[in-house]
Amino acid sequence: MRYGYFDKKNKEYVVTRPDTPTPWINYIGSGNYGGIVSNTGGGYSFHKDPQNRRVTRYRYNSIPMDRPGRYIYIRNKDTGEYWNPGYQPVLKKIDSYSCRHGMGYTVLTGEYQGVIGEVTYFVPDDKNFEIWHVKLSNIRGVAQKLQVFAYSEFCFWDAIMDQQNVDWVQQINQGRYDDGIITYHPHHITDNAAFFATGEKVSSFDTNLETFIGKYRSESNPIAVEQGGCSNSISRRMNGVGAFCIDADLGPNEEREMVFILGFAEERKEIRQDIKDYLSPNNAKAALVRLKEYWENYIGKLCVDTPDEEMNLFVNVWNQYQCKTTFNWSRFVSLYQLGLGRGMGIRDSAQDSLGVMHTIPSEAKELIIKLLKCQFTDGRAYHLFFPLTGEGGQGDAPVKKYDWYSDDHLWLILAVNAYVKETGDFKFLNEPILYNDKTTSETVMKHLDRALEFTYNNRGPNNIALAGRADWNDTLNLDLGNGVAESVFTSMLFCRAVLEMLELCEYLKNNGFCSEDSAMYKEMSCEGVEPCSKFSDMYQEMRNAINESSWDGEWYKRAFDDYGNPLGSKENEYGKIFINSQSWAILGKVADVEKAEKCMESVDKYLNSKFGIVTMYPSYPEYDETKGGITTFPVGTKENGGIFLHTNPWMMISETLLGNGDKAFEYYSQILPGKRNDDAELYEVEPYVYCQNILGKENPQFGVGRNSWLSGTAAWNMVASSQHILGIRANYDCLIVEPCIPSNWEGFKAKRVFRGATYNIEVQNPNGVNSGIAKITVDGEEVTKIPVFEAGTTHTVIVLMK
Ligand code: GLC
């Protein structure tokens, strides 16, 4: 069953019935002020940090589901009937409903008894506030006497305290009203405030929740709406709301527009000035046009035209869009990650930067700098940080012998290398950055060098990386206190990272960047060892150690527990084979061709399913403390044999590295969310973005998606599809186009903006191959590599496959 469709022309997903299996959400804002908006208007807002600057409340696990939100009530003064354009919270069966989720905005439209109500939510010009633009249309030939109530429930800024110390929070929070502006702030704070405002003539307002809703009522039947007016309450304690009642009588076929603004002000005396240009409906609409232009520009750096419509839709719009959201919020704030406690993940954000690198590399650089500041002088990193305060933390996996995750710091190398390839900004490598233990600054390059050294210096009995608290798989908690558990995955990631450093250093060396006055070069050579040979030796040593200890005959083992026993081996009854040590054996160039092919065959045979590749098989049936968190999940769930989608693009990339374009595309296609649109009742989550996990083949609810939006799946699918299947990727001094596509494709076209120049690319596949290039021409001339051109110029690239 479907709940909506993709409107390709307007780049929107249109939800056509409100009772979706889970709230289908969108994000507004671009990483500063913003929030979540569901298809029925549910959701919440925050400024810069959902834990420390929460603006409005949301009740997780609430019944009725998905409340509260940004609500518009429309009331007929003659009949007393009231309803919402987005169906919630009144739940009145309206004559028509739609929700249009677009890039950075959501439009809810409802019709009831000849009135169309439409509300558009978005953040204009990256301001500290959001606009609710409301349009009412009377489509009957008779006048209708109407009222509009706009409503949002404020939260105490510290969202944890809001739950923990209700006594304090309810005593200190104060609501105030001044000529169209409601402010809400703790009694002792003199500058900041959350606010709700309108430029309309206010007929009444409330700032106190208990007054607006009334006792033993809910958002479904607030006393204020029922009685046809607010009470002008000034909240001196208890809970706060921003609520306005506006008279909106409409003549026959008349329309009326109005604007409400919800936001957070650093200086409350400046609110009126800050919002004045946005209060008129025309200005609000102009701001929406600017927002749409921003997004067109954001997605416009890459545009593909392949024989697969769904791939086009995702590469061109939805996958790119989701990547910006994961880049903004990491795994911090969604309807599943509550914006409390967790912060921005170091490994997560480093990977998220890969998904936006082709379009906003300078923003990616800013984020990478924040991540490098989370590194300790010994090379490891915090596990997470909070964007508002800059504080770091170590996450919540159990600490036994070590308090670090074995992989966090290594992802930084992949992110920096991708940034340099996209921009050619080699100077960045020389920039000094402070460590989080704040003793010294060292260059970016030295930070990366130290990251490798940390893993190299923390190896176990098999000479491979120690597992620490966990690796990429947060739930593999193998360290029981002996401190000898090892991660084959981290060792393979180390190989990938060290190869990237080697590639970078070789480029620097061969292109005259390693002069004596280059700080990074001096720092890297400080032990008198030439960096390239150091990295090459490190790689060989780790590769040999993995092959000696971890090859299992048909695939690679996944880890060794704290007693030295393997996980992911044919010797194991459960957890015989894991996905990550197969894909990363190829990504880290650990496997030779024969082993690589065996790994791929084994994944296909034991782990693949129609909804995606599961993380491991067979799932652990019972809790087992020697393995940790993974065994807290039932069979076929999340890391315990679920389809943890983040791992699937690594398999796609691996297949392309072996030249298997058909298989890579099959893996890509089988998890495309758009392909689950007709099956949404089973899938449950949004068909326009990747979710984190789908229940796996051993689970009775096989195929149900869970934890939508914030997942490394977004960035890695962007990388897998555009850089490896379509094969368009940046390099230090050229653009690479090396497709590995399905053999039944006759080719494809793409536009890629690289360092400011536009490349119109056409790939021709006359002989139906997966990969291999016969000839490349640029502007009619045959070339061996596609050069970097002056910004602003346009070029034609034709790639003829073998
Ligand atoms: C979650 C975490 C991520 C981790 C993954 C696998 O998505 O945010 O950091 O790698 O789970 O455990």
# chains A, B, ... in the order shown; residues from 1 in each chain; ligands from 1
$ residues_around --residues "segment 558-563 of chain A" --least-positions-apart "6" --cutoff "6 Å" --atoms "only C-alpha atoms" --output "PDB file with N, CA and C atoms, in the first residue's frame"
ATOM      1  N   LEU A 478      33.789  -6.319  23.293  1.00  0.00           N
ATOM      2  CA  LEU A 478      34.502  -7.575  23.554  1.00  0.00           C
ATOM      3  C   LEU A 478      35.476  -7.490  24.719  1.00  0.00           C
ATOM      4  N   ASP A 479      35.856  -6.261  25.067  1.00  0.00           N
ATOM      5  CA  ASP A 479      36.854  -6.082  26.124  1.00  0.00           C
ATOM      6  C   ASP A 479      36.192  -6.361  27.479  1.00  0.00           C
ATOM      7  N   VAL A 484      42.721  -7.686  25.643  1.00  0.00           N
ATOM      8  CA  VAL A 484      43.380  -8.317  24.490  1.00  0.00           C
ATOM      9  C   VAL A 484      42.434  -8.521  23.300  1.00  0.00           C
ATOM     10  N   ALA A 485      41.142  -8.168  23.465  1.00  0.00           N
ATOM     11  CA  ALA A 485      40.204  -8.349  22.347  1.00  0.00           C
ATOM     12  C   ALA A 485      40.674  -7.516  21.160  1.00  0.00           C
ATOM     13  N   GLU A 486      40.492  -8.070  19.958  1.00  0.00           N
ATOM     14  CA  GLU A 486      40.995  -7.391  18.751  1.00  0.00           C
ATOM     15  C   GLU A 486      39.884  -7.254  17.718  1.00  0.00           C
ATOM     16  N   SER A 487      39.980  -6.199  16.915  1.00  0.00           N
ATOM     17  CA  SER A 487      38.997  -5.969  15.856  1.00  0.00           C
ATOM     18  C   SER A 487      39.651  -6.128  14.484  1.00  0.00           C
ATOM     19  N   VAL A 488      39.182  -7.116  13.745  1.00  0.00           N
ATOM     20  CA  VAL A 488      39.699  -7.295  12.378  1.00  0.00           C
ATOM     21  C   VAL A 488      39.222  -6.124  11.518  1.00  0.00           C
ATOM     22  N   SER A 581      33.975  -7.402   7.655  1.00  0.00           N
ATOM     23  CA  SER A 581      35.351  -7.861   7.426  1.00  0.00           C
ATOM     24  C   SER A 581      35.499  -8.436   6.015  1.00  0.00           C
TER      25      SER A 581
END
$ residues_near_ligand --ligand "ligand 1" --cutoff "9 Å" --atoms "only C-alpha atoms and all ligand atoms" --output "compact mmCIF listing (two decimals) with C-alpha atoms, in the first residue's frame"
# COMPACT_ATOMS: atom_id res chain seq x y z
CA SER A 330 25.06 13.46 12.76
CA ARG A 331 23.09 10.92 14.85
CA PHE A 332 21.98 13.55 17.36
CA MET A 344 27.54 14.60 17.33
CA GLY A 345 29.53 11.43 16.67
CA ILE A 346 33.17 11.81 15.65
CA ARG A 347 33.22 8.76 13.42
CA ASP A 348 29.71 9.57 12.22
CA SER A 349 30.42 13.18 11.29
CA HIS A 383 33.53 9.59 20.55
CA ASP A 408 36.88 7.00 15.67
CA ALA A 470 33.90 -1.10 20.34
CA ASP A 471 34.70 -0.41 16.71
CA TRP A 472 32.30 0.86 14.02
CA ASN A 473 29.90 -1.67 15.47
CA ASP A 474 29.05 0.05 18.75
CA THR A 475 27.55 -3.14 20.06
CA LEU A 476 30.55 -5.45 19.74
CA ILE A 630 25.06 -7.03 19.99
CA LYS A 638 19.99 -4.07 14.20
CA GLU A 639 23.62 -5.21 14.54
CA PHE A 644 22.15 -2.38 9.07
CA HIS A 646 25.25 1.64 6.51
CA THR A 647 27.24 -1.52 5.70
CA GLN A 692 19.34 3.03 9.64
CA ASN A 693 18.14 -0.56 9.75
CA LEU A 710 20.23 9.82 10.59
CA SER A 711 22.50 7.11 9.32
CA GLY A 712 25.89 6.80 7.64
CA THR A 713 23.90 5.01 4.94
$ residues_around --residues "segment 158-160 of chain A" --least-positions-apart "6" --cutoff "9 Å" --atoms "only C-alpha atoms" --output "compact mmCIF listing (two decimals) with N, CA, C and O atoms, in the first residue's frame"
# COMPACT_ATOMS: atom_id res chain seq x y z
N PRO A 50 20.10 20.46 20.12
CA PRO A 50 18.79 20.03 20.63
C PRO A 50 18.78 19.66 22.10
O PRO A 50 17.72 19.57 22.71
N GLN A 51 19.95 19.46 22.68
CA GLN A 51 19.99 19.15 24.12
C GLN A 51 20.04 20.43 24.95
O GLN A 51 19.32 20.55 25.93
N ASN A 52 20.85 21.37 24.54
CA ASN A 52 21.08 22.55 25.37
C ASN A 52 20.28 23.78 24.95
O ASN A 52 20.26 24.77 25.66
N ARG A 53 19.67 23.73 23.78
CA ARG A 53 18.88 24.86 23.31
C ARG A 53 17.58 24.36 22.68
O ARG A 53 17.30 24.62 21.51
N ARG A 54 16.82 23.62 23.41
CA ARG A 54 15.54 23.11 22.88
C ARG A 54 14.54 24.26 22.92
O ARG A 54 14.46 24.98 23.92
N VAL A 55 13.81 24.47 21.87
CA VAL A 55 12.83 25.56 21.83
C VAL A 55 11.42 25.04 22.11
O VAL A 55 10.67 25.64 22.88
N ARG A 57 8.74 21.50 22.82
CA ARG A 57 8.73 20.14 23.38
C ARG A 57 8.24 19.10 22.38
O ARG A 57 7.50 19.41 21.45
N GLY A 339 18.03 13.69 20.64
CA GLY A 339 18.66 15.01 20.84
C GLY A 339 19.06 15.19 22.29
O GLY A 339 19.21 16.32 22.76
N LEU A 340 19.22 14.10 22.99
CA LEU A 340 19.59 14.16 24.42
C LEU A 340 20.80 13.26 24.62
O LEU A 340 20.78 12.13 24.21
N GLY A 341 21.83 13.80 25.24
CA GLY A 341 22.92 12.94 25.69
C GLY A 341 23.92 12.52 24.64
O GLY A 341 25.09 12.42 24.91
$ residues_around --residues "Tyr574 of chain A" --least-positions-apart "5" --cutoff "10 Å" --atoms "only C-alpha atoms" --output "number ranges by chain"
A: 567-569, 616-621
$ write_last_selection --atoms "N, CA and C atoms" --output "PDB file, in the first residue's frame"
ATOM      1  N   LEU A 567      35.395 -14.373  16.464  1.00  0.00           N
ATOM      2  CA  LEU A 567      33.986 -14.155  16.100  1.00  0.00           C
ATOM      3  C   LEU A 567      33.970 -14.092  14.578  1.00  0.00           C
ATOM      4  N   GLY A 568      32.877 -14.586  14.003  1.00  0.00           N
ATOM      5  CA  GLY A 568      32.791 -14.523  12.542  1.00  0.00           C
ATOM      6  C   GLY A 568      33.636 -15.597  11.891  1.00  0.00           C
ATOM      7  N   SER A 569      33.619 -16.785  12.494  1.00  0.00           N
ATOM      8  CA  SER A 569      34.405 -17.888  11.938  1.00  0.00           C
ATOM      9  C   SER A 569      33.504 -19.102  11.756  1.00  0.00           C
ATOM     10  N   MET A 616      25.326  -9.898   9.874  1.00  0.00           N
ATOM     11  CA  MET A 616      26.011 -11.149  10.241  1.00  0.00           C
ATOM     12  C   MET A 616      24.983 -12.272  10.264  1.00  0.00           C
ATOM     13  N   TYR A 617      25.493 -13.510  10.327  1.00  0.00           N
ATOM     14  CA  TYR A 617      24.590 -14.660  10.295  1.00  0.00           C
ATOM     15  C   TYR A 617      25.309 -15.862  10.875  1.00  0.00           C
ATOM     16  N   PRO A 618      24.650 -16.752  11.536  1.00  0.00           N
ATOM     17  CA  PRO A 618      23.321 -16.620  12.136  1.00  0.00           C
ATOM     18  C   PRO A 618      23.380 -15.670  13.332  1.00  0.00           C
ATOM     19  N   SER A 619      22.241 -15.043  13.604  1.00  0.00           N
ATOM     20  CA  SER A 619      22.175 -14.097  14.725  1.00  0.00           C
ATOM     21  C   SER A 619      22.345 -14.820  16.059  1.00  0.00           C
ATOM     22  N   TYR A 620      22.841 -14.080  17.040  1.00  0.00           N
ATOM     23  CA  TYR A 620      22.978 -14.661  18.388  1.00  0.00           C
ATOM     24  C   TYR A 620      21.597 -14.779  19.025  1.00  0.00           C
ATOM     25  N   PRO A 621      21.254 -15.992  19.496  1.00  0.00           N
ATOM     26  CA  PRO A 621      19.903 -16.156  20.043  1.00  0.00           C
ATOM     27  C   PRO A 621      19.732 -15.656  21.479  1.00  0.00           C
TER      28      PRO A 621
END
$ select_by_dssp --residues "segment 442-479 of chain A" --states "strand (DSSP E or B)" --output "ChimeraX atom specification"
/A:442-443,459,465-466,468
$ closest_atom_pairs --of "segment 245-316 of chain A" --to "segment 762-779 of chain A" --cutoff "10 Å" --atoms "only C-alpha atoms" --output "tab-separated table"
residue	atom	partner	partner_atom	distance
A:Val304	CA	A:Glu762	CA	9.9
A:Asp305	CA	A:Glu762	CA	9.5
A:Thr306	CA	A:Val763	CA	9.8
$ residues_around --residues "Asn10 of chain A" --least-positions-apart "6" --cutoff "10 Å" --atoms "only C-alpha atoms" --output "list in words"
Arg100, Gly102 and Met103 of chain A
$ write_last_selection --atoms "N, CA, C and O atoms" --output "tab-separated table (two decimals), in the first residue's frame"
chain	number	residue	atom	x	y	z
A	100	ARG	N	3.41	18.03	1.69
A	100	ARG	CA	4.50	18.07	0.71
A	100	ARG	C	5.79	18.33	1.45
A	100	ARG	O	5.99	19.41	1.98
A	102	GLY	N	9.46	19.09	0.99
A	102	GLY	CA	10.46	19.51	0.00
A	102	GLY	C	11.79	19.74	0.71
A	102	GLY	O	11.92	19.50	1.91
A	103	MET	N	12.77	20.22	-0.02
A	103	MET	CA	14.09	20.41	0.58
A	103	MET	C	14.07	21.63	1.50
A	103	MET	O	14.01	22.77	1.05
$ residues_around --residues "Cys691 of chain A" --least-positions-apart "4" --cutoff "8 Å" --atoms "only C-alpha atoms" --output "mmCIF file with C-alpha atoms, in the first residue's frame"
data_model
loop_
_atom_site.group_PDB
_atom_site.id
_atom_site.type_symbol
_atom_site.label_atom_id
_atom_site.label_comp_id
_atom_site.auth_asym_id
_atom_site.auth_seq_id
_atom_site.Cartn_x
_atom_site.Cartn_y
_atom_site.Cartn_z
ATOM 1 C CA LEU A 645 22.066 -0.335 5.891
ATOM 2 C CA VAL A 685 9.402 4.400 7.434
ATOM 3 C CA GLU A 686 9.818 7.234 4.937
ATOM 4 C CA GLY A 705 12.424 -0.327 8.428
ATOM 5 C CA ARG A 706 13.425 1.547 11.548
ATOM 6 C CA ASN A 707 15.272 4.685 12.638
ATOM 7 C CA SER A 708 14.902 6.845 9.572
ATOM 8 C CA TRP A 709 17.104 9.743 8.435
ATOM 9 C CA LEU A 710 20.234 9.824 10.591
ATOM 10 C CA SER A 711 22.502 7.111 9.321
ATOM 11 C CA THR A 713 23.897 5.014 4.945
#
$ atom_distance --atom1 "atom CA of Thr40 of chain A" --atom2 "atom CA of Leu262 of chain A"
17.9 Å
$ atom_distance --atom1 "atom CA of Asp277 of chain A" --atom2 "atom CA of Arg256 of chain A"
19.0 Å
$ residues_around --residues "Leu499 of chain A" --least-positions-apart "2" --cutoff "9 Å" --atoms "only C-alpha atoms" --output "list in words"
Phe494, Cys495, Arg496, Ala497, Met501, Leu502, Glu503, Leu504, Phe535, Ser536, Tyr539, Gly588 and Lys589 of chain A
$ write_last_selection --atoms "all heavy atoms" --output "short mmCIF file (atom, residue, chain, number, x, y, z; two decimals), in the first residue's frame"
data_model
loop_
_atom_site.label_atom_id
_atom_site.label_comp_id
_atom_site.auth_asym_id
_atom_site.auth_seq_id
_atom_site.Cartn_x
_atom_site.Cartn_y
_atom_site.Cartn_z
N PHE A 494 42.25 0.53 9.28
CA PHE A 494 43.60 1.09 9.41
C PHE A 494 44.34 0.95 8.08
O PHE A 494 45.00 1.89 7.63
CB PHE A 494 44.35 0.35 10.53
CG PHE A 494 45.80 0.71 10.62
CD1 PHE A 494 46.22 1.79 11.38
CD2 PHE A 494 46.76 -0.03 9.94
CE1 PHE A 494 47.56 2.14 11.46
CE2 PHE A 494 48.11 0.32 10.01
CZ PHE A 494 48.51 1.40 10.77
N CYS A 495 44.23 -0.23 7.44
CA CYS A 495 44.92 -0.42 6.15
C CYS A 495 44.41 0.60 5.14
O CYS A 495 45.20 1.19 4.40
CB CYS A 495 44.69 -1.84 5.63
SG CYS A 495 45.63 -3.05 6.55
N ARG A 496 43.11 0.80 5.11
CA ARG A 496 42.56 1.78 4.17
C ARG A 496 43.11 3.18 4.48
O ARG A 496 43.54 3.91 3.60
CB ARG A 496 41.03 1.78 4.29
CG ARG A 496 40.32 2.88 3.58
CD ARG A 496 40.35 2.65 2.08
NE ARG A 496 39.81 3.77 1.36
CZ ARG A 496 39.19 3.66 0.18
NH1 ARG A 496 39.06 2.49 -0.39
NH2 ARG A 496 38.74 4.72 -0.42
N ALA A 497 43.10 3.53 5.76
CA ALA A 497 43.53 4.87 6.16
C ALA A 497 45.02 5.07 5.86
O ALA A 497 45.43 6.12 5.35
CB ALA A 497 43.24 5.09 7.63
N MET A 501 46.89 7.81 3.42
CA MET A 501 47.99 8.70 3.81
C MET A 501 49.19 8.52 2.89
O MET A 501 49.86 9.48 2.53
CB MET A 501 48.42 8.39 5.25
CG MET A 501 47.53 8.95 6.29
SD MET A 501 47.58 10.75 6.32
CE MET A 501 48.96 11.01 7.41
N LEU A 502 49.41 7.28 2.51
CA LEU A 502 50.52 6.99 1.61
C LEU A 502 50.29 7.67 0.26
O LEU A 502 51.18 8.32 -0.29
CB LEU A 502 50.62 5.47 1.45
CG LEU A 502 51.75 4.93 0.59
CD1 LEU A 502 53.10 5.35 1.14
CD2 LEU A 502 51.69 3.39 0.57
N GLU A 503 49.07 7.52 -0.23
CA GLU A 503 48.71 8.14 -1.52
C GLU A 503 48.93 9.66 -1.45
O GLU A 503 49.51 10.28 -2.33
CB GLU A 503 47.24 7.81 -1.80
CG GLU A 503 46.71 8.32 -3.11
CD GLU A 503 45.18 8.24 -3.19
OE1 GLU A 503 44.51 8.16 -2.13
OE2 GLU A 503 44.66 8.28 -4.32
N LEU A 504 48.47 10.23 -0.34
CA LEU A 504 48.59 11.68 -0.16
C LEU A 504 50.06 12.09 -0.08
O LEU A 504 50.50 13.03 -0.75
CB LEU A 504 47.82 12.08 1.11
CG LEU A 504 47.81 13.54 1.52
CD1 LEU A 504 47.25 14.42 0.43
CD2 LEU A 504 46.94 13.71 2.79
N PHE A 535 54.62 4.65 6.11
CA PHE A 535 53.24 4.22 5.91
C PHE A 535 53.17 2.90 5.13
O PHE A 535 52.33 2.05 5.40
CB PHE A 535 52.43 5.32 5.21
CG PHE A 535 52.29 6.56 6.05
CD1 PHE A 535 52.38 7.82 5.49
CD2 PHE A 535 52.09 6.46 7.42
CE1 PHE A 535 52.25 8.97 6.28
CE2 PHE A 535 51.97 7.59 8.22
CZ PHE A 535 52.06 8.85 7.64
N SER A 536 54.06 2.77 4.18
CA SER A 536 54.05 1.55 3.40
C SER A 536 54.39 0.35 4.30
O SER A 536 53.76 -0.71 4.21
CB SER A 536 55.02 1.76 2.25
OG SER A 536 55.44 0.59 1.74
N TYR A 539 51.39 -0.49 6.58
CA TYR A 539 50.34 -1.18 5.84
C TYR A 539 50.68 -2.66 5.65
O TYR A 539 49.88 -3.55 5.96
CB TYR A 539 50.12 -0.48 4.49
CG TYR A 539 49.42 -1.33 3.45
CD1 TYR A 539 48.08 -1.70 3.62
CD2 TYR A 539 50.09 -1.76 2.31
CE1 TYR A 539 47.44 -2.49 2.67
CE2 TYR A 539 49.46 -2.54 1.36
CZ TYR A 539 48.14 -2.91 1.53
OH TYR A 539 47.52 -3.70 0.60
N GLY A 588 40.29 -2.04 2.18
CA GLY A 588 41.61 -1.83 2.79
C GLY A 588 42.72 -2.57 2.05
O GLY A 588 43.82 -2.66 2.56
N LYS A 589 42.38 -3.15 0.89
CA LYS A 589 43.36 -3.91 0.08
C LYS A 589 44.09 -4.94 0.94
O LYS A 589 45.33 -5.05 0.90
CB LYS A 589 44.36 -2.97 -0.58
CG LYS A 589 43.75 -2.08 -1.64
CD LYS A 589 44.79 -1.68 -2.67
CE LYS A 589 44.14 -0.93 -3.79
NZ LYS A 589 44.57 0.37 -4.10
#
$ closest_residue --among "A:Asp425, A:Glu363, A:Glu296, A:Glu453" --to "Gly379 of chain A" --atoms "only C-alpha atoms"
A:Glu453
$ closest_residue --among "A:Gln322, A:Asn699, A:Thr455, A:Thr389" --to "Ser30 of chain A" --atoms "only C-alpha atoms"
A:Gln322
